[in-house]
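Below is one structure, written out as structure tokens, with a few remarks after it.
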Amino acid sequence: MEKMISFCGIVCSECPAFLARKDNWDLERKREIAEKWAKQFDHSGLTAEDISCEGCLSDSENVFSHCKECEIRACGKEKALKNCAYCSEYACAKLKEFFKHSPDCKKVLDEIQVQR
Ligand code: SF4
Ligand code: SF4
């Protein structure tokens, strides 16, 4: 399967929420991820049912809540970009802020940017 990259550089096709939906994970496995993410992202109230996503680029309603509310995603969607590496403002201030905690995402988008 070709890699699905989100606007911010997360590899959606390797994300547990994406895989849980695609591979129909059982509730216990999804619950473990919900508990882990609740702590990691200070997102209390996450349940196993929330661990389901079609990926950041999807127009469907089935996008994980945290990503659905993401301003980087909203911005990329509004500009109708494939991802932020294709933006003339790359990397803007909000993306740089995000990269401070997610250097892997910067790497992914930097690579796309030099290749395009
Ligand atoms: S948009 Fe969905 S698949 Fe992509 S990183 Fe967010 S939760 Fe994971
Ligand atoms: S301005 Fe460009 S680089 Fe920044 S979030 Fe929006 S689309 Fe991404």
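In the structure tokens, the first chain shown is A, the next is B, and so on; residue numbers restart at 1 for each chain, and ligands run from 1 in the order shown.
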Exercise. Which residues form the shell of 7 Å around ligand 1 when you count only C-alpha atoms and all ligand atoms, given as a PyMOL selection string?
Worked result: chain A and resi 6+10-13+15-18+53-56+63-64+67
Could you write out that same residue set with C-alpha atoms as a compact mmCIF listing (two decimals), in the first residue's frame?
# COMPACT_ATOMS: atom_id res chain seq x y z
CA SER A 6 -1.19 13.83 6.37
CA ILE A 10 2.22 12.12 9.99
CA VAL A 11 2.16 8.84 8.06
CA CYS A 12 -1.57 8.07 8.35
CA SER A 13 -1.18 4.66 6.72
CA CYS A 15 -1.22 5.20 12.38
CA PRO A 16 -3.02 2.87 14.82
CA ALA A 17 -6.37 4.62 14.27
CA PHE A 18 -6.11 4.07 10.53
CA CYS A 53 -9.89 6.93 11.14
CA GLU A 54 -9.85 7.06 7.35
CA GLY A 55 -6.82 9.38 7.36
CA CYS A 56 -6.23 13.11 7.42
CA VAL A 63 -11.49 11.17 10.94
CA PHE A 64 -10.07 10.89 14.47
CA CYS A 67 -7.07 15.43 13.73
Chain A near ligand 2 within 12 Å: what's each residue's closest atom pair and its distance in Å to one decimal, counting only C-alpha atoms and all ligand atoms, ordered by chain then ascending residue number, as a Markdown table?
| residue | atom | partner | partner_atom_place_in_ligand_line | distance |
| --- | --- | --- | --- | --- |
| A:Ser6 | CA | ligand 2 | 8 (Fe) | 10.3 |
| A:Phe7 | CA | ligand 2 | 8 (Fe) | 6.5 |
| A:Cys8 | CA | ligand 2 | 8 (Fe) | 6.8 |
| A:Gly9 | CA | ligand 2 | 8 (Fe) | 9.8 |
| A:Cys70 | CA | ligand 2 | 5 (S) | 9.6 |
| A:Glu71 | CA | ligand 2 | 5 (S) | 7.1 |
| A:Ile72 | CA | ligand 2 | 5 (S) | 4.1 |
| A:Arg73 | CA | ligand 2 | 5 (S) | 6.9 |
| A:Ala74 | CA | ligand 2 | 6 (Fe) | 7.7 |
| A:Cys75 | CA | ligand 2 | 6 (Fe) | 4.3 |
| A:Gly76 | CA | ligand 2 | 7 (S) | 3.9 |
| A:Lys77 | CA | ligand 2 | 7 (S) | 7.5 |
| A:Glu78 | CA | ligand 2 | 7 (S) | 8.0 |
| A:Lys79 | CA | ligand 2 | 7 (S) | 6.4 |
| A:Ala80 | CA | ligand 2 | 7 (S) | 8.4 |
| A:Leu81 | CA | ligand 2 | 7 (S) | 6.9 |
| A:Lys82 | CA | ligand 2 | 7 (S) | 9.1 |
| A:Asn83 | CA | ligand 2 | 7 (S) | 6.9 |
| A:Cys84 | CA | ligand 2 | 8 (Fe) | 4.0 |
| A:Ala85 | CA | ligand 2 | 3 (S) | 6.7 |
| A:Tyr86 | CA | ligand 2 | 2 (Fe) | 7.7 |
| A:Cys87 | CA | ligand 2 | 2 (Fe) | 4.6 |
| A:Ser88 | CA | ligand 2 | 2 (Fe) | 6.6 |
| A:Glu89 | CA | ligand 2 | 2 (Fe) | 5.0 |
| A:Tyr90 | CA | ligand 2 | 3 (S) | 4.2 |
| A:Ala91 | CA | ligand 2 | 3 (S) | 4.9 |
| A:Cys92 | CA | ligand 2 | 4 (Fe) | 4.4 |
| A:Ala93 | CA | ligand 2 | 4 (Fe) | 6.9 |
| A:Lys94 | CA | ligand 2 | 4 (Fe) | 6.2 |
| A:Leu95 | CA | ligand 2 | 4 (Fe) | 5.6 |
| A:Lys96 | CA | ligand 2 | 4 (Fe) | 8.6 |
| A:Glu97 | CA | ligand 2 | 4 (Fe) | 10.4 |
| A:Phe98 | CA | ligand 2 | 5 (S) | 9.8 |
| A:Phe99 | CA | ligand 2 | 3 (S) | 11.4 |
| A:Lys106 | CA | ligand 2 | 3 (S) | 11.1 |
| A:Leu109 | CA | ligand 2 | 3 (S) | 9.9 |
| A:Asp110 | CA | ligand 2 | 3 (S) | 11.4 |
| A:Gln113 | CA | ligand 2 | 3 (S) | 11.0 |
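Put simply, atom CA of Asp26 of chain A is 28.5 Å away from atom CA of Ser102 of chain A.
Residues in contact range of Trp25 of chain A, defined as at most 12 Å between only C-alpha atoms, with sequence neighbours fewer than 6 positions away removed, read Pro16, Ala17, Phe18, Leu19, Arg31, Glu32, Ile33, Ala48, Glu49, Ile51 and Ser52 of chain A.
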Selected residues written out with C-alpha atoms, as a tab-separated table (two decimals), in the first residue's frame:
chain	number	residue	atom	x	y	z
A	16	PRO	CA	-3.02	2.87	14.82
A	17	ALA	CA	-6.37	4.62	14.27
A	18	PHE	CA	-6.11	4.07	10.53
A	19	LEU	CA	-4.95	0.46	10.90
A	31	ARG	CA	-8.80	0.29	24.12
A	32	GLU	CA	-5.04	0.03	24.71
A	33	ILE	CA	-4.42	2.75	22.12
A	48	ALA	CA	-11.96	2.24	22.05
A	49	GLU	CA	-14.72	3.34	19.64
A	51	ILE	CA	-9.87	4.68	17.59
A	52	SER	CA	-10.96	4.69	13.99
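Here the question is which of A:Glu14, A:Ile112, A:Pro103, A:His66 gets nearest to Glu2 of chain A using only C-alpha atoms, and that residue is A:Glu14.
Note that atom CA of Lys107 of chain A and atom CA of Glu61 of chain A are 28.6 Å apart.
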For this session: Using DSSP on the backbone coordinates, identify all residues within chain A classified as helix (DSSP H, G or I); present the result as an MDAnalysis selection string.
Result: chainID A and resid 12:14 16:22 27:40 48:50 65:68 71:78 84:86 93:101 103:115
Seminar exercise, completed: Between atom CA of Asp59 of chain A and atom CA of Ile5 of chain A lies a distance of 14.5 Å
